[in-house]
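Asks: File follows, final_6.cif with mmCIF, C-alpha atoms:
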```
data_final
#
loop_
_atom_site.label_atom_id
_atom_site.label_comp_id
_atom_site.auth_asym_id
_atom_site.auth_seq_id
_atom_site.Cartn_x
_atom_site.Cartn_y
_atom_site.Cartn_z
CA LEU D 1 -93.97 -72.91 -128.62
CA THR D 2 -94.38 -69.22 -128.18
CA SER D 3 -94.06 -67.29 -125.02
CA PRO D 4 -95.37 -63.96 -123.90
CA VAL D 5 -93.56 -61.13 -125.56
CA ARG D 6 -92.37 -57.90 -124.04
CA PHE D 7 -95.76 -56.17 -124.01
CA GLU D 8 -97.38 -59.21 -122.36
CA ASP D 9 -94.69 -59.53 -119.68
CA GLN D 10 -96.24 -56.52 -117.95
CA TYR D 11 -99.12 -58.79 -116.91
CA PHE D 12 -96.97 -61.44 -115.22
CA VAL D 13 -98.47 -60.68 -111.81
CA GLN D 14 -102.06 -61.21 -112.91
CA GLU D 15 -103.60 -62.98 -115.93
CA LEU D 16 -100.39 -64.33 -117.41
CA ALA D 17 -98.72 -65.40 -114.16
CA GLU D 18 -98.96 -69.08 -115.06
CA GLU D 19 -99.10 -68.82 -118.86
CA ARG D 20 -95.45 -69.59 -119.64
CA LYS D 21 -95.49 -72.61 -117.33
CA LYS D 22 -98.83 -73.90 -118.63
CA GLN D 23 -97.70 -73.73 -122.27
CA VAL D 24 -94.78 -76.08 -121.62
CA GLU D 25 -96.88 -78.35 -119.40
CA ALA D 26 -99.47 -78.64 -122.20
CA CYS D 27 -96.80 -79.52 -124.78
CA ILE D 28 -95.30 -82.20 -122.55
CA LYS D 29 -98.72 -83.61 -121.67
CA PHE D 30 -99.60 -83.79 -125.37
CA TYR D 31 -96.45 -85.85 -125.95
CA GLU D 32 -96.93 -88.07 -122.90
CA VAL D 33 -100.59 -89.01 -123.47
CA ARG D 34 -100.33 -89.79 -127.18
CA GLU D 35 -101.37 -93.20 -128.47
CA ASN D 36 -98.99 -95.87 -129.78
CA LYS D 37 -96.05 -94.82 -127.62
CA HIS D 38 -92.72 -96.56 -128.04
CA GLU D 39 -89.85 -96.44 -125.53
CA LYS D 40 -87.47 -95.15 -128.22
CA ASP D 41 -89.71 -92.21 -129.15
CA VAL D 42 -88.23 -88.77 -128.67
CA GLY D 43 -90.20 -85.61 -128.05
CA ILE D 44 -88.48 -82.43 -129.19
CA LEU D 45 -89.81 -79.11 -127.97
CA VAL D 46 -88.56 -76.06 -129.86
CA GLY D 47 -89.43 -72.45 -129.30
CA ASP D 48 -88.84 -68.84 -128.49
CA PHE D 49 -88.90 -68.84 -124.70
CA ASN D 50 -87.99 -65.13 -124.61
CA ALA D 51 -85.77 -65.93 -121.63
CA LEU D 52 -82.45 -67.36 -120.65
CA SER D 53 -82.61 -70.68 -118.81
CA LYS D 54 -81.15 -69.17 -115.62
CA TYR D 55 -81.98 -65.87 -113.92
CA ASP D 56 -78.96 -63.86 -112.85
CA SER D 57 -79.50 -60.85 -110.57
CA ASN D 58 -76.81 -59.07 -112.60
CA GLY D 59 -77.89 -60.43 -115.98
CA PRO D 60 -80.03 -59.33 -118.89
CA MET D 61 -83.38 -60.48 -117.48
CA HIS D 62 -82.71 -58.41 -114.36
CA ALA D 63 -81.81 -55.42 -116.55
CA TYR D 64 -85.05 -55.95 -118.49
CA TYR D 65 -86.96 -56.10 -115.20
CA GLU D 66 -85.33 -52.88 -113.99
CA SER D 67 -85.79 -50.91 -117.22
CA SER D 68 -89.14 -52.07 -118.54
CA ILE D 69 -91.09 -54.16 -116.07
CA LYS D 70 -90.98 -52.64 -112.60
CA THR D 71 -91.42 -49.17 -114.10
CA SER D 72 -94.70 -50.10 -115.79
CA ALA D 73 -97.76 -48.45 -114.25
CA GLY D 74 -99.71 -51.70 -114.52
CA VAL D 75 -97.00 -53.70 -112.76
CA LYS D 76 -96.79 -51.07 -110.01
CA ALA D 77 -100.55 -51.27 -109.51
CA ASP D 78 -100.52 -55.07 -109.46
CA ALA D 79 -97.63 -55.13 -106.97
CA ALA D 80 -99.46 -52.70 -104.69
CA ALA D 81 -102.67 -54.76 -104.90
CA MET D 82 -100.75 -57.90 -103.94
CA ASN D 83 -98.68 -56.06 -101.33
CA LEU D 84 -95.39 -57.04 -103.01
CA ASP D 85 -92.27 -55.04 -102.24
CA ASP D 86 -89.59 -54.69 -104.95
CA ALA D 87 -87.65 -57.80 -103.88
CA ALA D 88 -90.79 -59.96 -103.82
CA LEU D 89 -91.93 -58.52 -107.15
CA GLU D 90 -88.61 -59.33 -108.82
CA LYS D 91 -88.67 -62.85 -107.35
CA HIS D 92 -92.15 -63.28 -108.82
CA PHE D 93 -90.83 -62.06 -112.19
CA GLU D 94 -87.86 -64.44 -111.99
CA GLN D 95 -90.16 -67.41 -111.36
CA TYR D 96 -92.39 -66.31 -114.22
CA MET D 97 -89.47 -66.01 -116.65
CA VAL D 98 -87.76 -69.32 -115.83
CA SER D 99 -90.96 -71.33 -115.29
CA PRO D 100 -90.71 -73.13 -118.67
CA PHE D 101 -87.26 -74.39 -117.72
CA THR D 102 -88.48 -75.43 -114.28
CA VAL D 103 -91.20 -77.53 -115.93
CA LEU D 104 -88.69 -79.11 -118.32
CA GLU D 105 -86.36 -79.95 -115.45
CA ASN D 106 -89.16 -81.36 -113.27
CA CYS D 107 -90.33 -83.54 -116.17
CA LYS D 108 -86.77 -84.74 -116.85
CA TRP D 109 -86.57 -83.15 -120.30
CA GLU D 110 -83.10 -82.02 -121.36
CA LEU D 111 -82.05 -78.83 -123.12
CA ALA D 112 -80.24 -79.52 -126.39
CA TYR D 113 -77.81 -76.71 -125.62
CA GLY D 114 -77.45 -74.39 -122.70
CA PRO D 115 -76.05 -71.09 -121.53
CA ASP D 116 -72.48 -72.38 -121.65
CA SER D 117 -72.79 -72.87 -125.42
CA LYS D 118 -72.28 -69.13 -126.07
CA LEU D 119 -74.97 -69.27 -128.75
CA ILE D 120 -76.83 -66.05 -129.52
CA THR D 121 -80.33 -66.32 -130.89
CA SER D 122 -81.75 -62.83 -130.31
CA ALA D 123 -80.78 -59.52 -131.86
CA PHE D 124 -80.16 -58.37 -128.29
CA GLY D 125 -77.27 -60.79 -127.81
CA HIS D 126 -78.88 -63.52 -125.73
CA LEU D 127 -79.85 -67.18 -125.97
CA ILE D 128 -83.65 -67.12 -125.78
CA ASP D 129 -84.60 -69.79 -128.32
CA HIS D 130 -84.33 -73.30 -126.97
CA MET D 131 -84.75 -76.97 -127.82
CA ALA D 132 -85.43 -79.72 -125.32
CA THR D 133 -85.75 -83.47 -125.67
CA SER D 134 -87.91 -85.89 -123.70
CA ARG D 135 -84.97 -88.17 -123.00
CA PRO D 136 -81.19 -88.05 -123.25
CA ILE D 137 -80.02 -88.46 -126.84
CA ARG D 138 -76.73 -88.02 -128.63
CA LYS D 139 -76.47 -84.87 -130.64
CA GLY D 140 -74.02 -83.02 -132.82
CA PRO D 141 -72.84 -79.51 -132.06
CA ALA D 142 -75.33 -76.67 -132.10
CA GLU D 143 -74.60 -74.20 -134.87
CA VAL D 144 -75.97 -70.70 -135.44
CA GLN D 145 -77.54 -69.78 -138.76
CA TYR D 146 -77.41 -65.98 -138.81
CA LEU D 147 -80.70 -64.35 -139.71
CA THR D 148 -80.22 -61.11 -137.76
CA ASN D 149 -77.52 -58.71 -136.62
CA GLN D 150 -76.82 -57.54 -133.09
CA LYS D 151 -78.54 -54.32 -132.06
CA PHE D 152 -75.96 -53.39 -129.41
CA GLY D 153 -72.21 -53.37 -129.01
CA ASN D 154 -71.14 -51.96 -132.39
CA LYS D 155 -70.42 -55.48 -133.63
CA LYS D 156 -69.70 -56.44 -137.20
CA ASP D 157 -72.84 -57.56 -139.05
CA ASP D 158 -73.42 -61.31 -139.08
CA THR D 159 -75.58 -61.24 -142.20
CA ASP D 160 -76.15 -58.97 -145.19
CA ILE D 161 -79.87 -59.63 -145.25
CA VAL D 162 -81.77 -59.48 -141.95
CA LEU D 163 -84.82 -61.77 -142.10
CA THR D 164 -86.00 -61.59 -138.49
CA ASP D 165 -84.87 -60.54 -135.00
CA HIS D 166 -83.72 -64.09 -134.14
CA ASN D 167 -80.99 -66.38 -135.37
CA ALA D 168 -81.74 -70.03 -136.08
CA ILE D 169 -79.97 -72.87 -134.31
CA GLN D 170 -79.24 -76.12 -136.09
CA VAL D 171 -78.70 -79.28 -134.05
CA ARG D 172 -78.29 -82.79 -135.45
CA PHE D 173 -80.01 -85.32 -133.21
CA LEU D 174 -78.56 -88.83 -133.39
CA ILE D 175 -81.58 -90.95 -132.58
CA ASP D 176 -81.20 -94.71 -132.19
#
```
With the file now loaded, output its structure as structure tokens.
Replies:
Amino acid sequence: LTSPVRFEDQYFVQELAEERKKQVEACIKFYEVRENKHEKDVGILVGDFNALSKYDSNGPMHAYYESSIKTSAGVKADAAAMNLDDAALEKHFEQYMVSPFTVLENCKWELAYGPDSKLITSAFGHLIDHMATSRPIRKGPAEVQYLTNQKFGNKKDDTDIVLTDHNAIQVRFLID
């Protein structure tokens, strides 16, 4: 699973408005319509959602909206064309950003770990890489494998060799 990245987020009002949602819907549909299904099968969806699972009006996605999205000339033009004031535009952005999680919840898929886990997967200090399962299953603790260092906060390096701008998460699924 991949999701729109920062330069694509500027088009959330127009062409890409439904893209994040449709990607997850397509993955779940692929799992649900497969042949030779068994009740004990488990679908596991893994990906860079480029978003936290919950939108907080004081959180990092709001800060991203304020600093990079609403200031974009294209977003301003789209908002004017759709007659969206700032509050409506941010609400639209919120729905766009959390739409993958809304789909997962509506389809009864469960996140393998959530915001309370305190895991950090991005170099910007947030949990944006997620795993979800098609049904409840037992799992071991989620553990971070450090592949990047934090870009903010003057924190001690987590790794000597930076391989990417994301950390990996390891979860042991205990499937019956």
Asks: So what does the PyMOL selection byres ((chain D and resi 148) around 10) actually pick up in this one, as a count of residues only?
Replies: 22
Asks: Considering all atoms listed in the file, can you say which of D:Ala132, D:Ala80, D:Arg172, D:Lys29 comes closest to Phe49 of chain D?
Replies: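 Under the stated criterion, the closest residue is D:Ala132.
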Asks: Can you tell me how far atom CA of Ala51 of chain D sits from atom CA of Leu84 of chain D, in Å to one decimal?
Replies: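 Taking atom CA of Ala51 of chain D as the start and atom CA of Leu84 of chain D as the end point, the length is 22.8 Å.
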Asks: List as a compact mmCIF listing (two decimals) with C-alpha atoms, keeping the file's coordinate frame the protein and nucleic acid residues near Phe93 of chain D, meaning an atom at most 8 Å away when all atoms listed in the file are counted, but skip any in the same chain fewer than 3 places from it.
Replies:
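The resulting selection_34.txt:
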```txt
# COMPACT_ATOMS: atom_id res chain seq x y z
CA PHE D 12 -96.97 -61.44 -115.22
CA VAL D 13 -98.47 -60.68 -111.81
CA TYR D 65 -86.96 -56.10 -115.20
CA LEU D 89 -91.93 -58.52 -107.15
CA GLU D 90 -88.61 -59.33 -108.82
CA TYR D 96 -92.39 -66.31 -114.22
CA MET D 97 -89.47 -66.01 -116.65
```
Asks: What are the centre and edge lengths in Å, to one decimal, of the axis-aligned box around all listed atoms of segment 81-90 of chain D with 4 Å added on each side, as AutoDock Vina command-line options?
Replies:
```
--center_x -95.2 --center_y -57.3 --center_z -105.1 --size_x 23.0 --size_y 13.3 --size_z 15.5
```
Asks: With the PyMOL selection byres ((chain D and resi 112-114) around 12) as the selection, what would be picked from this file? Answer as an mmCIF file with C-alpha atoms, keeping the file's coordinate frame, please.
Replies:
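Below is the file that was written, selection33.cif:
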```cif
data_model
loop_
_atom_site.group_PDB
_atom_site.id
_atom_site.type_symbol
_atom_site.label_atom_id
_atom_site.label_comp_id
_atom_site.auth_asym_id
_atom_site.auth_seq_id
_atom_site.Cartn_x
_atom_site.Cartn_y
_atom_site.Cartn_z
ATOM 1 C CA GLY D 43 -90.200 -85.610 -128.050
ATOM 2 C CA ILE D 44 -88.480 -82.430 -129.190
ATOM 3 C CA LEU D 45 -89.810 -79.110 -127.970
ATOM 4 C CA VAL D 46 -88.560 -76.060 -129.860
ATOM 5 C CA GLY D 47 -89.430 -72.450 -129.300
ATOM 6 C CA ALA D 51 -85.770 -65.930 -121.630
ATOM 7 C CA LEU D 52 -82.450 -67.360 -120.650
ATOM 8 C CA SER D 53 -82.610 -70.680 -118.810
ATOM 9 C CA LYS D 54 -81.150 -69.170 -115.620
ATOM 10 C CA PHE D 101 -87.260 -74.390 -117.720
ATOM 11 C CA LEU D 104 -88.690 -79.110 -118.320
ATOM 12 C CA TRP D 109 -86.570 -83.150 -120.300
ATOM 13 C CA GLU D 110 -83.100 -82.020 -121.360
ATOM 14 C CA LEU D 111 -82.050 -78.830 -123.120
ATOM 15 C CA PRO D 115 -76.050 -71.090 -121.530
ATOM 16 C CA ASP D 116 -72.480 -72.380 -121.650
ATOM 17 C CA SER D 117 -72.790 -72.870 -125.420
ATOM 18 C CA LYS D 118 -72.280 -69.130 -126.070
ATOM 19 C CA LEU D 119 -74.970 -69.270 -128.750
ATOM 20 C CA ILE D 120 -76.830 -66.050 -129.520
ATOM 21 C CA THR D 121 -80.330 -66.320 -130.890
ATOM 22 C CA HIS D 126 -78.880 -63.520 -125.730
ATOM 23 C CA LEU D 127 -79.850 -67.180 -125.970
ATOM 24 C CA ILE D 128 -83.650 -67.120 -125.780
ATOM 25 C CA ASP D 129 -84.600 -69.790 -128.320
ATOM 26 C CA HIS D 130 -84.330 -73.300 -126.970
ATOM 27 C CA MET D 131 -84.750 -76.970 -127.820
ATOM 28 C CA ALA D 132 -85.430 -79.720 -125.320
ATOM 29 C CA THR D 133 -85.750 -83.470 -125.670
ATOM 30 C CA SER D 134 -87.910 -85.890 -123.700
ATOM 31 C CA ARG D 135 -84.970 -88.170 -123.000
ATOM 32 C CA PRO D 136 -81.190 -88.050 -123.250
ATOM 33 C CA ILE D 137 -80.020 -88.460 -126.840
ATOM 34 C CA ARG D 138 -76.730 -88.020 -128.630
ATOM 35 C CA LYS D 139 -76.470 -84.870 -130.640
ATOM 36 C CA GLY D 140 -74.020 -83.020 -132.820
ATOM 37 C CA PRO D 141 -72.840 -79.510 -132.060
ATOM 38 C CA ALA D 142 -75.330 -76.670 -132.100
ATOM 39 C CA GLU D 143 -74.600 -74.200 -134.870
ATOM 40 C CA VAL D 144 -75.970 -70.700 -135.440
ATOM 41 C CA ILE D 169 -79.970 -72.870 -134.310
ATOM 42 C CA GLN D 170 -79.240 -76.120 -136.090
ATOM 43 C CA VAL D 171 -78.700 -79.280 -134.050
ATOM 44 C CA ARG D 172 -78.290 -82.790 -135.450
ATOM 45 C CA PHE D 173 -80.010 -85.320 -133.210
ATOM 46 C CA LEU D 174 -78.560 -88.830 -133.390
#
```
Asks: Starting from the PyMOL selection byres ((chain D and resi 20) around 8), expand the selection into actual residues of this file and give them as a PDB file with C-alpha atoms, in the coordinates of the input.
Replies:
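What landed in selection-v2.pdb:
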```
ATOM      1  CA  SER D   3     -94.060 -67.290-125.020  1.00  0.00           C
ATOM      2  CA  PRO D   4     -95.370 -63.960-123.900  1.00  0.00           C
ATOM      3  CA  LEU D  16    -100.390 -64.330-117.410  1.00  0.00           C
ATOM      4  CA  ALA D  17     -98.720 -65.400-114.160  1.00  0.00           C
ATOM      5  CA  GLU D  18     -98.960 -69.080-115.060  1.00  0.00           C
ATOM      6  CA  GLU D  19     -99.100 -68.820-118.860  1.00  0.00           C
ATOM      7  CA  LYS D  21     -95.490 -72.610-117.330  1.00  0.00           C
ATOM      8  CA  LYS D  22     -98.830 -73.900-118.630  1.00  0.00           C
ATOM      9  CA  GLN D  23     -97.700 -73.730-122.270  1.00  0.00           C
ATOM     10  CA  VAL D  24     -94.780 -76.080-121.620  1.00  0.00           C
ATOM     11  CA  TYR D  96     -92.390 -66.310-114.220  1.00  0.00           C
ATOM     12  CA  MET D  97     -89.470 -66.010-116.650  1.00  0.00           C
ATOM     13  CA  SER D  99     -90.960 -71.330-115.290  1.00  0.00           C
ATOM     14  CA  PRO D 100     -90.710 -73.130-118.670  1.00  0.00           C
TER      15      PRO D 100
END
```
Asks: Figure out the distance between atom CA of Ala87 of chain D and atom CA of Ser57 of chain D, please, to one decimal in Å.
Replies: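 According to the coordinates, atom CA of Ser57 of chain D and atom CA of Ala87 of chain D are separated by 11.0 Å.
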Asks: For a test of reading the model, state the distance in Å between atom CA of His92 of chain D and atom CA of Ile28 of chain D, rounded to one decimal.
Replies: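 Rounded to one decimal, the two atoms are 23.6 Å apart.
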Asks: I'd like to know which of D:Asn58, D:Gln95, D:Gln14, D:Thr102 is closest to Ala81 of chain D, using only C-alpha atoms.
Replies: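 Once distances to Ala81 of chain D are computed over only C-alpha atoms, the minimum belongs to D:Gln14.
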Asks: From the list D:Ala77, D:Ile69, D:Met61, D:Met82, which residue is nearest Val98 of chain D when using only C-alpha atoms?
Replies: D:Met61
Asks: Given only C-alpha atoms as the basis, pick out the residue of D:Asn106, D:His38, D:Ile175, D:Phe152 nearest to Glu25 of chain D.
Replies: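 Using only C-alpha atoms, the shortest distance to Glu25 of chain D belongs to D:Asn106.
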Asks: Nearest to Asp86 of chain D: which of D:Glu105, D:Gln10, D:Glu66, D:Glu39 is it, counting only C-alpha atoms?
Replies: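 Answer, going by the shortest atom-to-atom distance: D:Glu66.
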